[in-house]
>>> print(open('my_file.csv').read())   # CSV, C-alpha atoms
chain,number,residue,atom,x,y,z
A,1,MET,CA,126.2,60.7,157.3
A,2,ALA,CA,122.5,61.5,157.5
A,3,SER,CA,121.7,60.1,154.1
A,4,ALA,CA,123.1,57.7,151.6
A,5,LEU,CA,125.9,59.1,149.4
A,6,ARG,CA,125.6,58.1,145.7
A,7,VAL,CA,129.3,58.5,145.0
A,8,LYS,CA,132.2,56.2,144.2
A,9,THR,CA,134.0,54.5,147.0
A,10,PHE,CA,137.7,53.8,146.8
A,11,TRP,CA,139.8,51.3,148.7
A,12,LEU,CA,143.3,49.9,148.6
A,13,SER,CA,143.3,46.6,146.7
A,14,MET,CA,144.6,44.7,149.7
A,15,HIS,CA,141.6,45.9,151.8
A,16,VAL,CA,138.8,45.7,149.3
A,17,GLY,CA,137.8,42.2,150.3
A,18,TYR,CA,137.5,42.9,154.0
A,19,GLY,CA,134.7,41.2,155.9
A,20,CYS,CA,134.1,40.6,159.6
A,21,ARG,CA,135.5,37.2,160.9
A,22,ASP,CA,134.3,37.6,164.5
A,23,ALA,CA,137.8,38.2,165.9
A,24,GLY,CA,136.0,40.2,168.7
A,25,ALA,CA,138.7,42.9,169.3
A,26,CYS,CA,136.1,45.6,168.8
A,27,CYS,CA,133.7,43.9,171.2
A,28,SER,CA,136.1,43.3,174.0
A,29,SER,CA,138.0,46.5,174.3
A,30,GLY,CA,135.7,48.2,176.8
A,31,TRP,CA,134.8,51.0,174.4
A,32,PRO,CA,131.4,52.7,174.8
A,33,ILE,CA,129.2,51.6,171.9
A,34,PRO,CA,126.4,54.1,171.2
A,35,LEU,CA,123.1,52.7,170.0
A,36,GLU,CA,120.7,54.6,167.8
A,37,ALA,CA,117.1,54.8,169.1
A,38,SER,CA,115.8,53.4,165.9
A,39,ARG,CA,117.5,50.0,166.6
A,40,VAL,CA,116.3,49.5,170.2
A,41,SER,CA,113.0,47.7,169.5
A,42,ALA,CA,114.6,45.1,167.3
A,43,ILE,CA,117.4,44.4,169.8
A,44,ARG,CA,115.2,44.4,172.9
A,45,GLY,CA,113.8,41.0,172.1
A,46,LEU,CA,117.3,39.4,172.5
A,47,LYS,CA,117.4,40.2,176.2
A,48,GLY,CA,114.9,39.7,179.0
A,49,ASP,CA,115.3,43.1,180.5
A,50,ASP,CA,116.6,46.6,179.7
A,51,GLY,CA,119.9,46.2,181.6
A,52,TRP,CA,121.7,45.8,178.4
A,53,LEU,CA,121.2,49.5,177.5
A,54,MET,CA,122.9,52.2,179.6
A,55,GLN,CA,122.1,55.8,179.7
A,56,ALA,CA,124.7,58.2,178.2
A,57,SER,CA,124.4,61.8,179.4
A,58,GLY,CA,124.8,64.4,176.8
A,59,ALA,CA,124.3,62.1,173.9
A,60,PRO,CA,122.6,63.4,170.7
A,61,ALA,CA,118.9,62.8,170.5
A,62,GLU,CA,119.1,60.0,167.9
A,63,PHE,CA,121.0,57.8,170.4
A,64,ALA,CA,119.2,55.8,173.1
A,65,GLY,CA,122.3,55.1,175.1
A,66,VAL,CA,125.3,52.8,175.1
A,67,LEU,CA,125.5,49.0,175.2
A,68,ALA,CA,126.4,47.6,178.6
A,69,THR,CA,129.6,45.7,179.1
A,70,ASN,CA,130.6,42.7,181.2
A,71,ASP,CA,134.3,42.6,182.2
A,72,GLN,CA,135.2,45.0,179.3
A,73,ARG,CA,133.2,42.9,176.8
A,74,CYS,CA,130.0,44.0,175.1
A,75,ILE,CA,127.1,42.2,176.7
A,76,PHE,CA,126.0,40.9,173.3
A,77,HIS,CA,129.4,39.4,172.4
A,78,GLY,CA,128.8,35.6,172.8
A,79,ASP,CA,131.3,32.8,172.6
A,80,ALA,CA,131.6,32.8,168.8
A,81,ARG,CA,130.2,36.1,167.5
A,82,CYS,CA,127.9,39.0,168.2
A,83,ASP,CA,124.4,37.9,169.2
A,84,ILE,CA,122.9,40.9,167.4
A,85,HIS,CA,124.7,40.1,164.2
A,86,GLN,CA,123.9,36.4,164.4
A,87,ALA,CA,120.2,36.8,165.2
A,88,LEU,CA,119.2,40.0,163.4
A,89,GLY,CA,121.9,40.5,160.7
A,90,PRO,CA,124.4,43.3,160.1
A,91,ASP,CA,121.7,46.0,159.5
A,92,ALA,CA,120.6,45.8,163.1
A,93,LEU,CA,124.0,46.5,164.5
A,94,PRO,CA,124.9,49.9,166.0
A,95,SER,CA,126.4,52.2,163.4
A,96,ALA,CA,129.7,52.2,165.2
A,97,CYS,CA,129.8,48.4,164.8
A,98,GLN,CA,128.9,48.5,161.2
A,99,HIS,CA,131.7,50.9,160.4
A,100,PHE,CA,134.6,49.4,162.5
A,101,PRO,CA,137.4,49.0,161.4
A,102,ARG,CA,136.7,51.2,158.4
A,103,GLU,CA,138.3,54.7,158.5
A,104,CYS,CA,136.6,57.0,155.9
A,105,LEU,CA,137.6,60.2,154.3
A,106,ILE,CA,134.8,61.9,152.3
A,107,ASP,CA,135.7,64.7,149.9
A,108,ARG,CA,134.6,65.9,146.5
A,109,ARG,CA,136.2,63.0,144.8
A,110,GLY,CA,134.2,60.3,146.6
A,111,VAL,CA,134.6,58.1,149.7
A,112,PHE,CA,138.0,56.8,150.6
A,113,VAL,CA,138.2,53.8,152.9
A,114,THR,CA,141.2,52.5,154.8
A,115,LEU,CA,141.2,50.1,157.8
A,116,SER,CA,142.3,50.2,161.4
A,117,HIS,CA,144.6,47.2,161.9
A,118,TYR,CA,143.7,47.1,165.5
A,119,CYS,CA,141.2,44.6,164.1
A,120,PRO,CA,143.1,41.3,163.9
A,121,THR,CA,141.3,40.4,160.6
A,122,ALA,CA,142.5,43.7,159.0
A,123,ALA,CA,146.0,43.2,160.4
A,124,GLU,CA,146.1,39.7,158.9
A,125,MET,CA,145.4,41.1,155.5
A,126,LEU,CA,148.7,43.0,155.6
A,127,PHE,CA,150.5,39.6,155.8
A,128,ALA,CA,148.3,37.7,153.5
A,129,HIS,CA,148.3,40.1,150.5
A,130,ARG,CA,150.3,39.2,147.5
A,131,GLY,CA,151.2,41.4,144.5
A,132,PRO,CA,151.0,45.1,144.0
A,133,VAL,CA,148.8,47.5,146.0
A,134,ALA,CA,146.7,50.0,144.1
A,135,VAL,CA,143.8,52.3,144.7
A,136,VAL,CA,140.6,50.6,143.3
A,137,GLU,CA,136.9,51.3,143.3
A,138,GLY,CA,135.0,49.0,145.7
A,139,PRO,CA,131.8,48.5,147.7
A,140,SER,CA,130.1,51.3,149.5
A,141,VAL,CA,130.3,51.5,153.3
A,142,ALA,CA,127.3,50.8,155.6
A,143,GLY,CA,124.7,51.2,152.9
A,144,GLY,CA,126.3,54.3,151.5
A,145,ARG,CA,126.3,56.1,154.8
A,146,PRO,CA,130.0,56.4,155.7
A,147,GLU,CA,131.1,58.0,158.9
A,148,GLY,CA,134.4,59.8,159.0
A,149,LEU,CA,136.0,63.1,158.1
A,150,ASP,CA,133.6,65.0,155.7
A,151,ALA,CA,135.8,67.4,153.8
A,152,ARG,CA,133.5,68.0,150.9
A,153,ASP,CA,133.2,71.7,151.8
A,154,ALA,CA,136.8,72.1,152.8
A,155,LEU,CA,139.6,73.6,150.7
A,156,PRO,CA,141.8,71.1,149.0
A,157,PRO,CA,144.9,69.9,150.8
A,158,SER,CA,147.8,72.4,150.8
A,159,LEU,CA,151.0,72.0,148.8
A,160,THR,CA,152.7,74.8,150.7
A,161,GLU,CA,151.4,77.4,153.2
A,162,ARG,CA,150.4,79.6,150.2
A,163,VAL,CA,149.5,77.1,147.5
A,164,LEU,CA,146.7,74.7,147.4
A,165,MET,CA,146.5,71.4,145.4
A,166,ASP,CA,143.5,70.5,143.4
A,167,ASP,CA,141.5,67.3,143.5
A,168,ASP,CA,143.3,65.6,140.6
A,169,SER,CA,146.8,66.5,141.8
A,170,TYR,CA,146.1,65.3,145.3
A,171,ALA,CA,144.6,62.0,143.9
A,172,ALA,CA,147.8,61.6,141.9
A,173,TRP,CA,150.0,62.2,144.9
A,174,GLU,CA,148.0,59.7,147.0
A,175,GLN,CA,148.4,57.0,144.2
A,176,HIS,CA,152.1,57.8,143.9
A,177,ALA,CA,152.6,57.5,147.7
A,178,VAL,CA,150.9,54.1,147.7
A,179,ARG,CA,153.1,53.0,144.8
A,180,ILE,CA,156.3,54.1,146.4
A,181,LEU,CA,155.5,52.8,149.8
A,182,THR,CA,154.8,49.4,148.4
A,183,ALA,CA,157.7,49.2,145.9
A,184,SER,CA,159.1,45.7,146.5
A,185,HIS,CA,162.8,46.7,146.4
A,186,LEU,CA,162.5,49.5,149.0
A,187,GLY,CA,162.5,49.0,152.8
A,188,PRO,CA,160.1,51.2,154.8
A,189,GLU,CA,162.8,53.7,155.8
A,190,ALA,CA,164.1,54.1,152.3
A,191,ALA,CA,160.6,54.4,150.8
A,192,LEU,CA,159.6,57.0,153.3
A,193,ALA,CA,162.8,59.0,153.0
A,194,GLY,CA,162.4,59.0,149.2
A,195,LEU,CA,158.8,60.0,149.4
A,196,ALA,CA,159.7,62.8,151.9
A,197,ARG,CA,162.3,64.2,149.5
A,198,GLN,CA,159.8,64.0,146.6
A,199,SER,CA,157.2,65.9,148.6
A,200,GLU,CA,159.7,68.8,149.0
A,201,GLN,CA,160.5,68.6,145.3
A,202,VAL,CA,156.8,68.8,144.4
A,203,ALA,CA,156.3,71.7,146.8
A,204,GLN,CA,158.6,73.8,144.6
A,205,TRP,CA,155.8,73.8,141.9
A,206,ARG,CA,154.1,77.1,141.1
A,207,PRO,CA,151.2,78.0,138.9
A,208,GLY,CA,152.6,78.5,135.4
A,209,ASP,CA,154.9,75.5,135.7
A,210,GLY,CA,152.4,73.3,133.9
A,211,SER,CA,150.1,70.7,135.3
A,212,LEU,CA,150.8,69.7,138.9
A,213,THR,CA,149.2,66.4,138.3
A,214,THR,CA,151.6,65.7,135.4
A,215,VAL,CA,154.5,66.6,137.6
A,216,ILE,CA,153.5,64.2,140.3
A,217,THR,CA,152.6,61.4,137.8
A,218,ALA,CA,156.1,61.7,136.3
A,219,LEU,CA,157.9,61.2,139.6
A,220,PRO,CA,160.2,58.2,139.5
A,221,THR,CA,160.6,55.5,142.1
A,222,PRO,CA,163.3,57.0,144.3
A,223,GLU,CA,166.6,55.3,145.1
A,224,ALA,CA,167.1,56.0,148.7
A,225,LEU,CA,169.2,54.8,151.7
A,226,ALA,CA,168.1,55.8,155.1
A,227,ALA,CA,169.4,55.1,158.6
A,228,ILE,CA,167.2,55.1,161.7
A,229,ASP,CA,167.2,58.5,163.4
A,230,TRP,CA,166.5,57.3,167.0
A,231,VAL,CA,166.3,60.8,168.4
A,232,ALA,CA,163.7,61.8,165.9
A,233,GLU,CA,161.8,58.6,166.4
A,234,ALA,CA,161.6,59.0,170.1
A,235,ARG,CA,160.4,62.6,169.6
A,236,ARG,CA,157.7,61.5,167.2
A,237,PHE,CA,156.6,58.8,169.5
A,238,GLU,CA,156.3,61.2,172.5
A,239,ALA,CA,154.3,63.7,170.3
A,240,ALA,CA,151.8,60.9,169.6
A,241,ARG,CA,151.6,60.0,173.3
A,242,ALA,CA,151.1,63.6,174.2
A,243,ALA,CA,148.0,63.6,171.9
A,244,LEU,CA,146.2,60.9,174.0
A,245,ALA,CA,142.6,61.7,174.7
A,246,PRO,CA,141.7,62.4,178.4
A,247,GLY,CA,141.4,59.3,180.5
A,248,HIS,CA,143.9,57.3,178.4
A,249,THR,CA,147.5,56.4,179.1
A,250,TRP,CA,150.4,54.9,177.2
A,251,PRO,CA,153.8,53.6,178.2
A,252,ASP,CA,156.9,55.7,177.7
A,253,TYR,CA,159.3,55.2,174.8
A,254,PRO,CA,161.1,51.9,175.3
A,255,ALA,CA,164.3,52.2,177.3
A,256,ASN,CA,167.5,51.2,175.5
A,257,ALA,CA,165.7,51.1,172.2
A,258,THR,CA,168.8,51.0,170.1
A,259,ALA,CA,170.3,48.1,172.0
A,260,GLU,CA,167.1,46.2,172.0
A,261,TRP,CA,166.8,46.7,168.3
A,262,ASP,CA,170.0,44.8,167.4
A,263,GLY,CA,169.6,41.1,166.7
A,264,TRP,CA,166.4,39.3,165.7
A,265,LEU,CA,164.2,42.4,165.8
A,266,ALA,CA,166.1,44.2,163.1
A,267,ALA,CA,166.3,40.9,161.1
A,268,SER,CA,162.6,40.3,161.5
A,269,TRP,CA,161.9,43.9,160.4
A,270,ARG,CA,163.9,43.4,157.2
A,271,GLY,CA,162.2,40.1,156.6
A,272,HIS,CA,158.7,41.6,156.9
A,273,ARG,CA,159.4,44.9,155.0
A,274,ASP,CA,156.6,44.2,152.5
A,275,VAL,CA,154.1,44.0,155.4
A,276,ILE,CA,155.4,47.2,157.0
A,277,ASN,CA,155.3,49.0,153.7
A,278,ARG,CA,151.7,48.0,153.2
A,279,PHE,CA,150.9,49.2,156.7
A,280,LEU,CA,152.4,52.6,155.8
A,281,ALA,CA,150.5,52.7,152.6
A,282,ALA,CA,147.3,52.2,154.6
A,283,HIS,CA,148.1,55.3,156.6
A,284,ALA,CA,149.0,57.3,153.5
A,285,PHE,CA,145.6,56.5,151.9
A,286,ALA,CA,142.3,58.1,153.0
A,287,SER,CA,144.3,60.2,155.4
A,288,TRP,CA,142.6,62.8,157.5
A,289,ALA,CA,146.0,64.5,158.0
A,290,ALA,CA,145.9,66.1,154.6
A,291,TYR,CA,142.8,68.1,155.5
A,292,GLN,CA,143.3,68.5,159.3
A,293,GLY,CA,146.9,69.6,159.0
A,294,HIS,CA,149.1,71.2,156.3
A,295,GLY,CA,148.6,68.9,153.3
A,296,LEU,CA,151.6,67.0,152.0
A,297,ARG,CA,153.8,68.1,154.9
A,298,SER,CA,151.4,66.6,157.4
A,299,THR,CA,150.8,63.4,155.5
A,300,VAL,CA,154.6,62.7,155.4
A,301,ALA,CA,154.9,63.6,159.1
A,302,LYS,CA,152.1,61.2,159.9
A,303,LEU,CA,153.9,58.4,158.1
A,304,HIS,CA,157.1,59.2,160.1
A,305,THR,CA,155.1,59.0,163.3
A,306,THR,CA,153.5,55.7,162.3
A,307,LEU,CA,156.8,54.2,161.6
A,308,ALA,CA,158.3,55.4,164.9
A,309,VAL,CA,155.4,54.1,166.9
A,310,LEU,CA,155.4,50.8,165.1
A,311,ARG,CA,159.1,50.3,165.8
A,312,ALA,CA,158.7,51.3,169.5
A,313,GLU,CA,155.8,48.9,170.0
A,314,LEU,CA,157.8,46.1,168.3
A,315,ILE,CA,160.7,46.6,170.7
A,316,ARG,CA,158.3,46.9,173.7
A,317,GLY,CA,156.3,43.8,172.7
A,318,ALA,CA,159.4,41.7,172.1
A,319,GLY,CA,160.5,42.5,175.7
A,320,HIS,CA,157.1,41.4,177.1
A,321,ARG,CA,156.4,38.6,174.7
A,322,ALA,CA,159.8,36.8,174.5
A,323,SER,CA,158.1,33.6,173.3
A,324,ALA,CA,156.3,35.3,170.4
A,325,SER,CA,157.3,34.5,166.9
A,326,PRO,CA,158.7,37.3,164.7
A,327,ARG,CA,155.4,37.4,162.8
A,328,GLY,CA,153.3,37.4,166.0
A,329,ALA,CA,155.5,40.2,167.5
A,330,LEU,CA,155.0,42.3,164.4
A,331,MET,CA,151.2,41.6,164.3
A,332,HIS,CA,151.0,42.7,168.0
A,333,ALA,CA,153.0,45.9,167.2
A,334,ILE,CA,150.8,46.8,164.2
A,335,ARG,CA,147.7,46.4,166.3
A,336,GLN,CA,149.1,48.5,169.1
A,337,THR,CA,150.2,51.2,166.7
A,338,ASP,CA,146.7,51.6,165.3
A,339,LEU,CA,145.1,51.4,168.8
A,340,LEU,CA,147.2,54.4,169.8
A,341,LEU,CA,147.1,56.5,166.6
A,342,ILE,CA,143.5,55.8,165.5
A,343,HIS,CA,141.5,55.0,168.6
A,344,LEU,CA,143.1,56.6,171.7
A,345,THR,CA,144.5,60.0,170.5
A,346,GLU,CA,142.8,63.3,169.7
A,347,ARG,CA,143.2,63.7,166.0
A,348,ASP,CA,143.2,67.5,166.0
A,349,ALA,CA,146.1,67.3,168.5
A,350,LEU,CA,148.0,64.9,166.3
A,351,ALA,CA,147.4,67.1,163.3
A,352,ARG,CA,148.8,70.1,165.1
A,353,ALA,CA,151.9,68.0,166.0
A,354,TRP,CA,152.3,67.0,162.3
A,355,SER,CA,151.9,70.6,161.2
A,356,SER,CA,154.6,72.1,163.5
>>> encode(input="my_file.csv", output="structure tokens")
Amino acid sequence: MASALRVKTFWLSMHVGYGCRDAGACCSSGWPIPLEASRVSAIRGLKGDDGWLMQASGAPAEFAGVLATNDQRCIFHGDARCDIHQALGPDALPSACQHFPRECLIDRRGVFVTLSHYCPTAAEMLFAHRGPVAVVEGPSVAGGRPEGLDARDALPPSLTERVLMDDDSYAAWEQHAVRILTASHLGPEAALAGLARQSEQVAQWRPGDGSLTTVITALPTPEALAAIDWVAEARRFEAARAALAPGHTWPDYPANATAEWDGWLAASWRGHRDVINRFLAAHAFASWAAYQGHGLRSTVAKLHTTLAVLRAELIRGAGHRASASPRGALMHAIRQTDLLLIHLTERDALARAWSS
């Protein structure tokens, strides 16, 4: 954003305490890191020449170029932490570095922040959290200059193709989704199946039926049983893979997924259901899909895709990492899921898939 936003910022309670712990995933993934021209002079003193700054053709005027890399690692990433961060402080970092792994939605209600769990520190928070998860007010992002989807001038998310929600009812739905997805007695499949049925129930609302916010707030915690639909999961995984941005590739859906699933993978999944539920809640909150797609329908479809990709990556990772602990295997699968869905795909293409 061009100027600071003086609005409330909302987080999930499990994320609100996030702080960089120098895991270095963002610094060593080979991504181009654009640098604003206003930050060049301060950073120049850390290097003896200008080889650290590469030209980027077609970049906006406010950017001086991109930071050079050495073997896929940012040239400023030292043994322990970022040299810029250590010498000059967080305000000197490129804007992209200041924001990662934060994912922001900005609308008329305020700024909503979730995290990309490709960051190992963010992923660890899914395992470390205890207690309920709620939407809470928290600190502003990058000095009140969040970057993300700016939907302040967009129409509210849709309830159906012909009916729009309002800000209050969408906030109520988002809070309800977080509550259901993190209900301690529901596994991820059951929680998502119940939420999907309730989204269809809410879609029957019409003006004149009373307050939509009241209807949503009164929804109970569903009692649901759900089996894995392997055909649907493979289709959702391939739809995500089809949305890859040019220049990126991703492996096919794992062969013999159902056979690979039996045994310790399924048991580990059940044993870590609270972690998986929290991961789904992070994808339900601050979701761009509600605005880029068709409201509730797209947000539920996004969650189905997230679950399908996570299961596929857990199966694939277990095959390649036979010595990994169940916790380590799930951690790797979570990181891979967000790498694909948040960082390597074109979001408009994903939104189209979730709206079809």
>>> residues_around(input="my_file.csv", residues="A:Thr305", least_positions_apart="4", cutoff="7 Å", atoms="all atoms listed in the file", output="count of residues only")
4
>>> closest_residue(input="my_file.csv", among="A:Asp91, A:Asp50, A:Glu260, A:Asp150", to="A:Ala286", atoms="only C-alpha atoms")
A:Asp150
>>> residues_near_point(input="my_file.csv", point="(149.5, 60.7, 145.6)", cutoff="10 Å", atoms="all atoms listed in the file", output="PyMOL selection string")
chain A and resi 168-180+199+213+216-217+284-285+296
>>> residues_around(input="my_file.csv", residues="A:Thr249", least_positions_apart="3", cutoff="10 Å", atoms="all atoms listed in the file", output="JSON, numbers by chain")
{"A": [241, 242, 244, 245, 246, 252, 340, 344, 345]}
>>> closest_residue(input="my_file.csv", among="A:Ala226, A:Ala196, A:Leu149, A:Ala191", to="A:Ser287", atoms="only C-alpha atoms")
A:Leu149
>>> residues_around(input="my_file.csv", residues="A:Ala353", least_positions_apart="2", cutoff="12 Å", atoms="only C-alpha atoms", output="MDAnalysis selection string")
chainID A and resid 235:243 289 292:294 297:299 301:302 304:305 345:351 355:356
>>> closest_residue(input="my_file.csv", among="A:Leu186, A:Ala234, A:Ala257, A:Ala227", to="A:Asn277", atoms="all atoms listed in the file")
A:Leu186
>>> atom_distance(input="my_file.csv", atom1="atom CA of A:Gly144", atom2="atom CA of A:Glu103")
13.9 Å
>>> atom_distance(input="my_file.csv", atom1="atom CA of A:Tyr118", atom2="atom CA of A:Thr69")
19.6 Å
>>> closest_residue(input="my_file.csv", among="A:Ile75, A:Ala203, A:Leu303, A:Ala23", to="A:Arg162", atoms="only C-alpha atoms")
A:Ala203
>>> closest_residue(input="my_file.csv", among="A:Cys82, A:Gln98, A:Arg278, A:Gly30", to="A:Arg130", atoms="all atoms listed in the file")
A:Arg278
>>> closest_residue(input="my_file.csv", among="A:Ala232, A:Ala218, A:Val66, A:Met14", to="A:Trp31", atoms="only C-alpha atoms")
A:Val66
>>> residues_around(input="my_file.csv", residues="A:Val113", least_positions_apart="6", cutoff="8 Å", atoms="only C-alpha atoms", output="JSON, numbers by chain")
{"A": [9, 10, 11, 12, 102, 103, 104, 105, 285, 286]}
>>> atom_distance(input="my_file.csv", atom1="atom CA of A:Ala128", atom2="atom CA of A:Gly263")
25.3 Å
>>> axis_aligned_box(input="my_file.csv", around="stretch 248-266 of chain A", padding_each_side="4 Å", output="AutoDock Vina command-line options")
--center_x 157.1 --center_y 48.3 --center_z 171.1 --size_x 34.4 --size_y 26.0 --size_z 24.0
>>> residues_near_point(input="my_file.csv", point="(142.8, 51.2, 162.7)", cutoff="6 Å", atoms="all atoms listed in the file", output="tab-separated table (two decimals) with C-alpha atoms, in the coordinates of the input")
chain	number	residue	atom	x	y	z
A	101	PRO	CA	137.40	49.00	161.40
A	115	LEU	CA	141.20	50.10	157.80
A	116	SER	CA	142.30	50.20	161.40
A	117	HIS	CA	144.60	47.20	161.90
A	118	TYR	CA	143.70	47.10	165.50
A	338	ASP	CA	146.70	51.60	165.30
A	342	ILE	CA	143.50	55.80	165.50
>>> build_atoms(input="my_file.csv", residues="stretch 234-242 of chain A", atoms="all heavy atoms", output="PDB file, in the coordinates of the input")
ATOM      1  N   ALA A 234     162.075  58.879 168.763  1.00  0.00           N
ATOM      2  CA  ALA A 234     161.600  59.000 170.100  1.00  0.00           C
ATOM      3  C   ALA A 234     160.756  60.309 170.265  1.00  0.00           C
ATOM      4  O   ALA A 234     159.716  60.313 170.945  1.00  0.00           O
ATOM      5  CB  ALA A 234     162.791  59.102 171.089  1.00  0.00           C
ATOM      6  N   ARG A 235     161.168  61.367 169.586  1.00  0.00           N
ATOM      7  CA  ARG A 235     160.400  62.600 169.600  1.00  0.00           C
ATOM      8  C   ARG A 235     159.031  62.445 168.985  1.00  0.00           C
ATOM      9  O   ARG A 235     158.020  62.926 169.514  1.00  0.00           O
ATOM     10  CB  ARG A 235     161.199  63.721 168.921  1.00  0.00           C
ATOM     11  CG  ARG A 235     160.536  65.094 168.986  1.00  0.00           C
ATOM     12  CD  ARG A 235     161.374  66.146 168.295  1.00  0.00           C
ATOM     13  NE  ARG A 235     161.463  65.926 166.860  1.00  0.00           N
ATOM     14  CZ  ARG A 235     162.566  65.559 166.223  1.00  0.00           C
ATOM     15  NH1 ARG A 235     163.683  65.337 166.892  1.00  0.00           N
ATOM     16  NH2 ARG A 235     162.559  65.397 164.903  1.00  0.00           N
ATOM     17  N   ARG A 236     158.978  61.747 167.877  1.00  0.00           N
ATOM     18  CA  ARG A 236     157.700  61.500 167.200  1.00  0.00           C
ATOM     19  C   ARG A 236     156.773  60.645 168.046  1.00  0.00           C
ATOM     20  O   ARG A 236     155.561  60.882 168.134  1.00  0.00           O
ATOM     21  CB  ARG A 236     157.927  60.897 165.830  1.00  0.00           C
ATOM     22  CG  ARG A 236     158.555  61.854 164.837  1.00  0.00           C
ATOM     23  CD  ARG A 236     159.168  61.134 163.657  1.00  0.00           C
ATOM     24  NE  ARG A 236     159.776  62.065 162.714  1.00  0.00           N
ATOM     25  CZ  ARG A 236     160.824  61.781 161.950  1.00  0.00           C
ATOM     26  NH1 ARG A 236     161.381  60.569 162.021  1.00  0.00           N
ATOM     27  NH2 ARG A 236     161.330  62.681 161.129  1.00  0.00           N
ATOM     28  N   PHE A 237     157.345  59.626 168.666  1.00  0.00           N
ATOM     29  CA  PHE A 237     156.600  58.800 169.500  1.00  0.00           C
ATOM     30  C   PHE A 237     155.966  59.573 170.693  1.00  0.00           C
ATOM     31  O   PHE A 237     154.773  59.438 171.006  1.00  0.00           O
ATOM     32  CB  PHE A 237     157.440  57.630 170.079  1.00  0.00           C
ATOM     33  CG  PHE A 237     156.752  56.760 171.095  1.00  0.00           C
ATOM     34  CD1 PHE A 237     156.062  55.630 170.703  1.00  0.00           C
ATOM     35  CD2 PHE A 237     156.786  57.071 172.451  1.00  0.00           C
ATOM     36  CE1 PHE A 237     155.414  54.818 171.635  1.00  0.00           C
ATOM     37  CE2 PHE A 237     156.146  56.273 173.383  1.00  0.00           C
ATOM     38  CZ  PHE A 237     155.464  55.154 172.975  1.00  0.00           C
ATOM     39  N   GLU A 238     156.773  60.405 171.329  1.00  0.00           N
ATOM     40  CA  GLU A 238     156.300  61.200 172.500  1.00  0.00           C
ATOM     41  C   GLU A 238     155.238  62.202 172.044  1.00  0.00           C
ATOM     42  O   GLU A 238     154.318  62.521 172.813  1.00  0.00           O
ATOM     43  CB  GLU A 238     157.444  61.839 173.197  1.00  0.00           C
ATOM     44  CG  GLU A 238     158.359  60.861 173.931  1.00  0.00           C
ATOM     45  CD  GLU A 238     157.624  60.034 174.975  1.00  0.00           C
ATOM     46  OE1 GLU A 238     156.570  60.478 175.477  1.00  0.00           O
ATOM     47  OE2 GLU A 238     158.099  58.925 175.294  1.00  0.00           O
ATOM     48  N   ALA A 239     155.356  62.722 170.830  1.00  0.00           N
ATOM     49  CA  ALA A 239     154.300  63.700 170.300  1.00  0.00           C
ATOM     50  C   ALA A 239     152.998  62.936 170.172  1.00  0.00           C
ATOM     51  O   ALA A 239     151.938  63.503 170.468  1.00  0.00           O
ATOM     52  CB  ALA A 239     154.779  64.266 169.013  1.00  0.00           C
ATOM     53  N   ALA A 240     153.036  61.689 169.714  1.00  0.00           N
ATOM     54  CA  ALA A 240     151.800  60.900 169.600  1.00  0.00           C
ATOM     55  C   ALA A 240     151.230  60.630 170.982  1.00  0.00           C
ATOM     56  O   ALA A 240     150.014  60.741 171.212  1.00  0.00           O
ATOM     57  CB  ALA A 240     152.063  59.617 168.851  1.00  0.00           C
ATOM     58  N   ARG A 241     152.085  60.261 171.917  1.00  0.00           N
ATOM     59  CA  ARG A 241     151.600  60.000 173.300  1.00  0.00           C
ATOM     60  C   ARG A 241     151.028  61.210 173.932  1.00  0.00           C
ATOM     61  O   ARG A 241     150.061  61.115 174.698  1.00  0.00           O
ATOM     62  CB  ARG A 241     152.772  59.409 174.104  1.00  0.00           C
ATOM     63  CG  ARG A 241     152.342  58.647 175.337  1.00  0.00           C
ATOM     64  CD  ARG A 241     153.493  57.831 175.879  1.00  0.00           C
ATOM     65  NE  ARG A 241     154.485  58.675 176.514  1.00  0.00           N
ATOM     66  CZ  ARG A 241     154.535  58.902 177.825  1.00  0.00           C
ATOM     67  NH1 ARG A 241     153.653  58.333 178.628  1.00  0.00           N
ATOM     68  NH2 ARG A 241     155.479  59.662 178.322  1.00  0.00           N
ATOM     69  N   ALA A 242     151.579  62.380 173.609  1.00  0.00           N
ATOM     70  CA  ALA A 242     151.100  63.600 174.200  1.00  0.00           C
ATOM     71  C   ALA A 242     149.678  63.966 173.650  1.00  0.00           C
ATOM     72  O   ALA A 242     148.973  64.788 174.253  1.00  0.00           O
ATOM     73  CB  ALA A 242     152.035  64.772 173.863  1.00  0.00           C
TER      74      ALA A 242
END
